[in-house]
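S.K.: Would you mind keeping the following structure in view while I ask a few things?
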Amino acid sequence: MADTYDLIVLGAGSGGLAMAFRAARHGARVALLDPGALGGTCVNVGCVPKKSLWFAAQIAHSLQLAGPYGFEGVAGRLDWEHFRQRRLAYIDGIKQRYEERLAAAGVQWLREAGRFVAADTVATESGAELRAPQIVIATGARPQRPPLPGFELGLVSDDMFALRELPRHVGIVGGGYIAVEFAGLLRALGSEVTLHVRERMLRTFDRELVDSLEEHMRTQGITLATGARISAARREGDAIVLDDDSCGERGPYDAVLWALGRVPNTERLDLDAAGVQCDVLGHVVTDPWQNTNVPGIAALGDVTGRLALTPVAVAAGRRLADRWFGGRNEARLDYDDVPSVVFSEPPLGAVGLTEAQARAKFGDSVRVYRSRFTPMQWALAGQHGQTLMKLVCVGDDERVAGVHVLGPGADEMLQGFAVAVKMGACKRDLDATVAIHPSSGEELVLMS
């Protein structure tokens with residue numbers, strides 16, 4: 001006989017945990033299956049360890065400012081192993097708290113994988129069967145590993161957090177979040193970095209701000225190899241060389257990071273047994289309510305191919321649980337105007353439409369406001385890099401359709417402005433807001 005539950009969740013990453021906790025709060029009997037570490041990619045090999053490294057990089061940048069400010073004897077290199085142990089201890093604490101919360105909520109956590117044997121039944125690796133009228137697929141995604149000759153000589157993002165020392169010269173292949181973020185933080189911590197980009201970086205972000213970020217990166221000493229067509233990697237002595245079909249040999253490098261996108265973890269779920277449809281890339285196909293084509297089966301997070309952001313998976317899970325078990329029949333995640341930040345140096349944040357998207361949708365009714373300035377923190381040290389802010393407004397009432405910020409503090413200031421965009425703020429609402437002075441954020445309410 002199969003064990004019965006109200007809900008089975010496949011995957012204990014951010015989205016799966018959010019779904020399980022919220023459903024249990026509503027009184028559902030929940031089984032959570034995952035053979036991996038609690039927290040999934042975000043906690044173990046994603047957002048949390050990456051942000052930890054970014055914080056270390058920010059301290060390194062502050063040390064560079066210390067001399068011009070007048071401080072003496074503050075320069076130093078990062079003790080990589082010491083920092084790695086502190087990061088691991090922090091992550092262990094997160095996982096321990098998750099485990100305690102699962103026990104307190106009454107969620108049955110099974111540390112093994114599950115696969116479908118029917119639309120309402122999941123089999124575990126140990127041979128047990130679980131049955132529930134509601135099942136959620138939240139198994140996430142993993143780094144893509146294309147069949148390039150010599151690919152095994154390089155690293156994927158998961159591997160970066162296992163490094164025991166900082167590579168001296170790193171070649172990074174890719175132009176998305178992961179590639180750009182690692183390029184900046186590794187450079188700040190002392191690595192020589194070459195970023196190989198096929199077309200252009202961060203294609204979903206506003207082109208003007210990305211161009212400005214590229215200028216910052218070059219000033220920092222990052223080599224940007226655009227138009228790259230990397231076809232192979234090979235070993236030359238202790239170093240790695242990349243073959244670039246556009247210009248020949250690249251390198252040599254002490255380490256290579258492949259940042260070529262991610263693929264969904266669906267191939268071991270036996271989705272055919274439940275009749276669940278996937279797209280050509282293996283993502284589970286869902287409607288705006290997270291439903292698959294099979295009643296009672298939903299999917300959320302990176303496995304769906306929608307916005308691959310941890311807060312998106314968490315929000316989708318909570319709203320789905322509210323709908324299924326909390327009596328909120330209209331609860332679902334609105335995927336419009338989702339804010340996001342690239343933890344580059346400096347950080348790049350955005351919410352809403354880019355200028356190009358707005359002009360394609362609204363034509364001549366678009367008006368753009370900009371502000372360029374040197375942040376006070378940099379100016380005092382004699383640095384001349386610039387923050388760039390941009391408001392994209394539409395219509396006669398100048399509704400704010402997009403806010404874009406490149407500069408120190410962008411990651412923190414954008415959250416509040418994202419609320420304003422979601423509420424339908426107009427330019428006059430920003431104009432009516434009293435500025436906080438002196439700050440960078442004040443520029444967003446002073447543009448004219």
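We label chains A, B, ... in the order they appear in the structure tokens, count residues from 1 in each chain, and number ligands from 1 in the order shown.
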Give me, as JSON, numbers by chain, all polymer residues having an atom no more than 7 Å from region 256-270 of chain A, counting only C-alpha atoms and skipping those fewer than 3 positions away in the same chain.

M.R.: {"A": [114, 115, 116, 139, 140, 141, 142, 143, 144, 154, 155, 156, 157, 170, 171, 172, 173, 174, 178, 179, 253, 273, 282, 283, 302, 303]}

S.K.: What are the nearest atom pairs, with distances in Å to one decimal, for all residues of region 166-202 of chain A that come at most 10 Å from region 40-52 of chain A, using only C-alpha atoms, set out by chain and rising residue number as JSON lines?

M.R.:
```
{"residue": "A:Ile178", "atom": "CA", "partner": "A:Lys50", "partner_atom": "CA", "distance": 9.1}
{"residue": "A:Glu181", "atom": "CA", "partner": "A:Lys50", "partner_atom": "CA", "distance": 8.4}
{"residue": "A:Phe182", "atom": "CA", "partner": "A:Lys50", "partner_atom": "CA", "distance": 8.2}
{"residue": "A:Leu185", "atom": "CA", "partner": "A:Lys50", "partner_atom": "CA", "distance": 9.0}
```

S.K.: Just N, CA and C atoms for this one: save the residues we selected as a compact mmCIF listing (two decimals), in the first residue's frame.

M.R.:
```txt
# COMPACT_ATOMS: atom_id res chain seq x y z
N ILE A 178 25.87 34.64 -14.29
CA ILE A 178 26.95 33.92 -13.63
C ILE A 178 28.31 34.38 -14.15
N GLU A 181 29.00 38.09 -13.01
CA GLU A 181 29.22 38.21 -11.57
C GLU A 181 30.57 37.64 -11.16
N PHE A 182 30.92 36.46 -11.65
CA PHE A 182 32.20 35.87 -11.29
C PHE A 182 33.36 36.69 -11.86
N LEU A 185 33.80 39.65 -9.29
CA LEU A 185 34.27 39.34 -7.94
C LEU A 185 35.66 38.70 -7.96
```

S.K.: Check the DSSP output for the backbone and give back, as a list in words, the residues of region 293-398 of chain A in strand (DSSP E or B).

M.R.: Ile297, Ala298, Ala299, Ser340, Val341, Val342, Leu348, Gly349, Ala350, Val351, Gly352, Val366, Arg367, Val368, Tyr369, Arg370, Ser371, Arg372, Phe373, Thr387, Leu388, Met389, Lys390, Leu391, Val392, Cys393 and Val394 of chain A

S.K.: Measuring atom to atom with only C-alpha atoms, identify which of A:Arg428, A:Arg198, A:Arg207, A:Arg29 is nearest to Lys390 (chain A).

M.R.: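 Checking each candidate against Lys390 (chain A), we get A:Arg207 as the closest.
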
S.K.: Which polymer residues have any atom within 6 Å of an atom of Cys393 (chain A), counting only C-alpha atoms, with same-chain residues fewer than 5 positions away left out, as a list in words?

M.R.: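 Here the answer would be Val366, Arg367, Glu398, Arg399, Val400 and Ala401 of chain A.
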
S.K.: For the residues selected in the previous step, produce a file with N, CA and C atoms as a short mmCIF file (atom, residue, chain, number, x, y, z; two decimals), in the first residue's frame.

M.R.:
```
data_model
loop_
_atom_site.label_atom_id
_atom_site.label_comp_id
_atom_site.auth_asym_id
_atom_site.auth_seq_id
_atom_site.Cartn_x
_atom_site.Cartn_y
_atom_site.Cartn_z
N VAL A 366 6.77 56.97 -25.26
CA VAL A 366 7.81 56.68 -24.26
C VAL A 366 8.67 57.92 -24.04
N ARG A 367 8.93 58.23 -22.77
CA ARG A 367 9.88 59.29 -22.44
C ARG A 367 10.89 58.73 -21.44
N GLU A 398 2.85 59.62 -17.80
CA GLU A 398 4.23 59.20 -17.55
C GLU A 398 4.31 58.12 -16.46
N ARG A 399 3.54 57.07 -16.66
CA ARG A 399 3.65 55.93 -15.74
C ARG A 399 5.05 55.36 -15.83
N VAL A 400 5.65 55.06 -14.70
CA VAL A 400 7.00 54.51 -14.67
C VAL A 400 6.94 53.04 -15.05
N ALA A 401 7.39 52.73 -16.25
CA ALA A 401 7.35 51.36 -16.75
C ALA A 401 8.65 50.61 -16.52
#
```

S.K.: I'd like the neighbourhood of Ala128 (chain A) as a ChimeraX atom specification, where a residue qualifies if any of its atoms comes within 10 Å (using only C-alpha atoms), though same-chain residues fewer than 4 positions away should be ignored.

M.R.: /A:1-3,114,122-124

S.K.: Write down as a VMD selection string the residues belonging to region 195-375 of chain A that are assigned alpha helix (DSSP H) by DSSP computed on the backbone.

M.R.: chain A and resid 207 to 219 310 to 325 355 to 362

S.K.: Can you pull out the residues contacting Ala425 (chain A)? Cut-off 12 Å, using only C-alpha atoms, and skip same-chain residues under 6 positions away; I want them as a list in words.

M.R.: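 Answer for this query is Gly352, Leu391, Val392, Cys393, Val394, Asp397, Glu398, Arg399, Val400, Ala401, Gly402, Val403, Gly416, Phe417, Ala418, Val419, Asp431, Ala432, Thr433 and Val445 of chain A.
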
S.K.: Quick one: distance from CA of Gly327 (chain A) to CA of Ile8 (chain A) in Å, one decimal?

M.R.: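 According to the coordinates, CA of Gly327 (chain A) and CA of Ile8 (chain A) are separated by 18.6 Å.
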
S.K.: Could you list, as a list in words, every residue within 12 Å of Ile59 (chain A), counting only C-alpha atoms and ignoring same-chain residues fewer than 5 positions away?

M.R.: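 Near neighbours after the sequence-gap exclusion: Ser52, Leu53, Trp54, Gln64, Leu65, Ala66, Val74, Ala75, Gly76, Arg77, Leu78, Leu185, Ala188, Leu189 and Glu345 of chain A.
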
S.K.: Skip Glu330 (chain A) itself and residues of its chain fewer than 5 positions away, then list as a ChimeraX atom specification all residues within 12 Å of it, counting only C-alpha atoms.

M.R.: /A:288-289,319-324

S.K.: Could you write out the selected residues, including N, CA and C atoms, as a PDB file, in the first residue's frame?

M.R.:
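After the write, out_26.pdb holds the following:
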```pdb
ATOM      1  N   PRO A 288       0.013  30.154 -16.523  1.00  0.00           N
ATOM      2  CA  PRO A 288       0.321  31.218 -15.560  1.00  0.00           C
ATOM      3  C   PRO A 288      -0.026  30.887 -14.113  1.00  0.00           C
ATOM      4  N   TRP A 289      -0.717  29.781 -13.891  1.00  0.00           N
ATOM      5  CA  TRP A 289      -1.095  29.366 -12.536  1.00  0.00           C
ATOM      6  C   TRP A 289      -0.184  28.253 -12.009  1.00  0.00           C
ATOM      7  N   ARG A 319       2.164  31.103  -3.322  1.00  0.00           N
ATOM      8  CA  ARG A 319       0.850  31.394  -3.885  1.00  0.00           C
ATOM      9  C   ARG A 319       0.130  30.120  -4.320  1.00  0.00           C
ATOM     10  N   LEU A 320       0.874  29.170  -4.839  1.00  0.00           N
ATOM     11  CA  LEU A 320       0.252  27.899  -5.209  1.00  0.00           C
ATOM     12  C   LEU A 320      -0.287  27.189  -3.981  1.00  0.00           C
ATOM     13  N   ALA A 321       0.470  27.189  -2.890  1.00  0.00           N
ATOM     14  CA  ALA A 321       0.000  26.566  -1.656  1.00  0.00           C
ATOM     15  C   ALA A 321      -1.236  27.269  -1.120  1.00  0.00           C
ATOM     16  N   ASP A 322      -1.257  28.604  -1.218  1.00  0.00           N
ATOM     17  CA  ASP A 322      -2.431  29.354  -0.770  1.00  0.00           C
ATOM     18  C   ASP A 322      -3.659  28.979  -1.599  1.00  0.00           C
ATOM     19  N   ARG A 323      -3.464  28.753  -2.886  1.00  0.00           N
ATOM     20  CA  ARG A 323      -4.601  28.408  -3.742  1.00  0.00           C
ATOM     21  C   ARG A 323      -5.087  26.990  -3.478  1.00  0.00           C
ATOM     22  N   TRP A 324      -4.159  26.040  -3.399  1.00  0.00           N
ATOM     23  CA  TRP A 324      -4.539  24.642  -3.226  1.00  0.00           C
ATOM     24  C   TRP A 324      -5.058  24.328  -1.825  1.00  0.00           C
TER      25      TRP A 324
END
```

S.K.: Choose the residue, out of A:Lys95, A:Arg145, A:His404, A:Arg234, that has the smallest atom-to-atom separation from Gly441 (chain A); count only C-alpha atoms.

M.R.: A:His404

S.K.: Restricting the calculation to only C-alpha atoms, which member of A:Leu380, A:Val434, A:Leu406, A:Cys426 is positioned closest to Asp211 (chain A)?

M.R.: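 So, comparing all the options, the nearest one is A:Leu406.
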
S.K.: Which residue gives the smallest distance to Ala104 (chain A) among A:Val136, A:Asp244, A:Arg25, A:Pro375, with only C-alpha atoms counted?

M.R.: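 Comparing A:Val136, A:Asp244, A:Arg25, A:Pro375 against Ala104 (chain A), the winner is A:Arg25.
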
S.K.: Between CA of Thr4 (chain A) and CA of Gln108 (chain A), what is the distance in Å, rounded to a tenth?

M.R.: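 Computing it gives 11.5 Å between the two atoms.
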
S.K.: With only C-alpha atoms as the atoms that count, which of A:Pro146, A:Pro35, A:Gly326, A:Gly221 lies nearest to Gly13 (chain A)?

M.R.: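 Selected residue with least distance to Gly13 (chain A): A:Pro35.
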
S.K.: I'd like the interatomic distance between CA of Val197 (chain A) and CA of Leu281 (chain A), to a tenth of an Å.

M.R.: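 Rounded to one decimal, the two atoms are 22.2 Å apart.
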
S.K.: Select, from A:Tyr177, A:Phe151, A:Phe71, A:Phe325, the residue with the minimum atom-to-atom distance to Asp243 (chain A), counting only C-alpha atoms.

M.R.: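 Looking only at the distances to Asp243 (chain A), the closest residue turns out to be A:Phe151.
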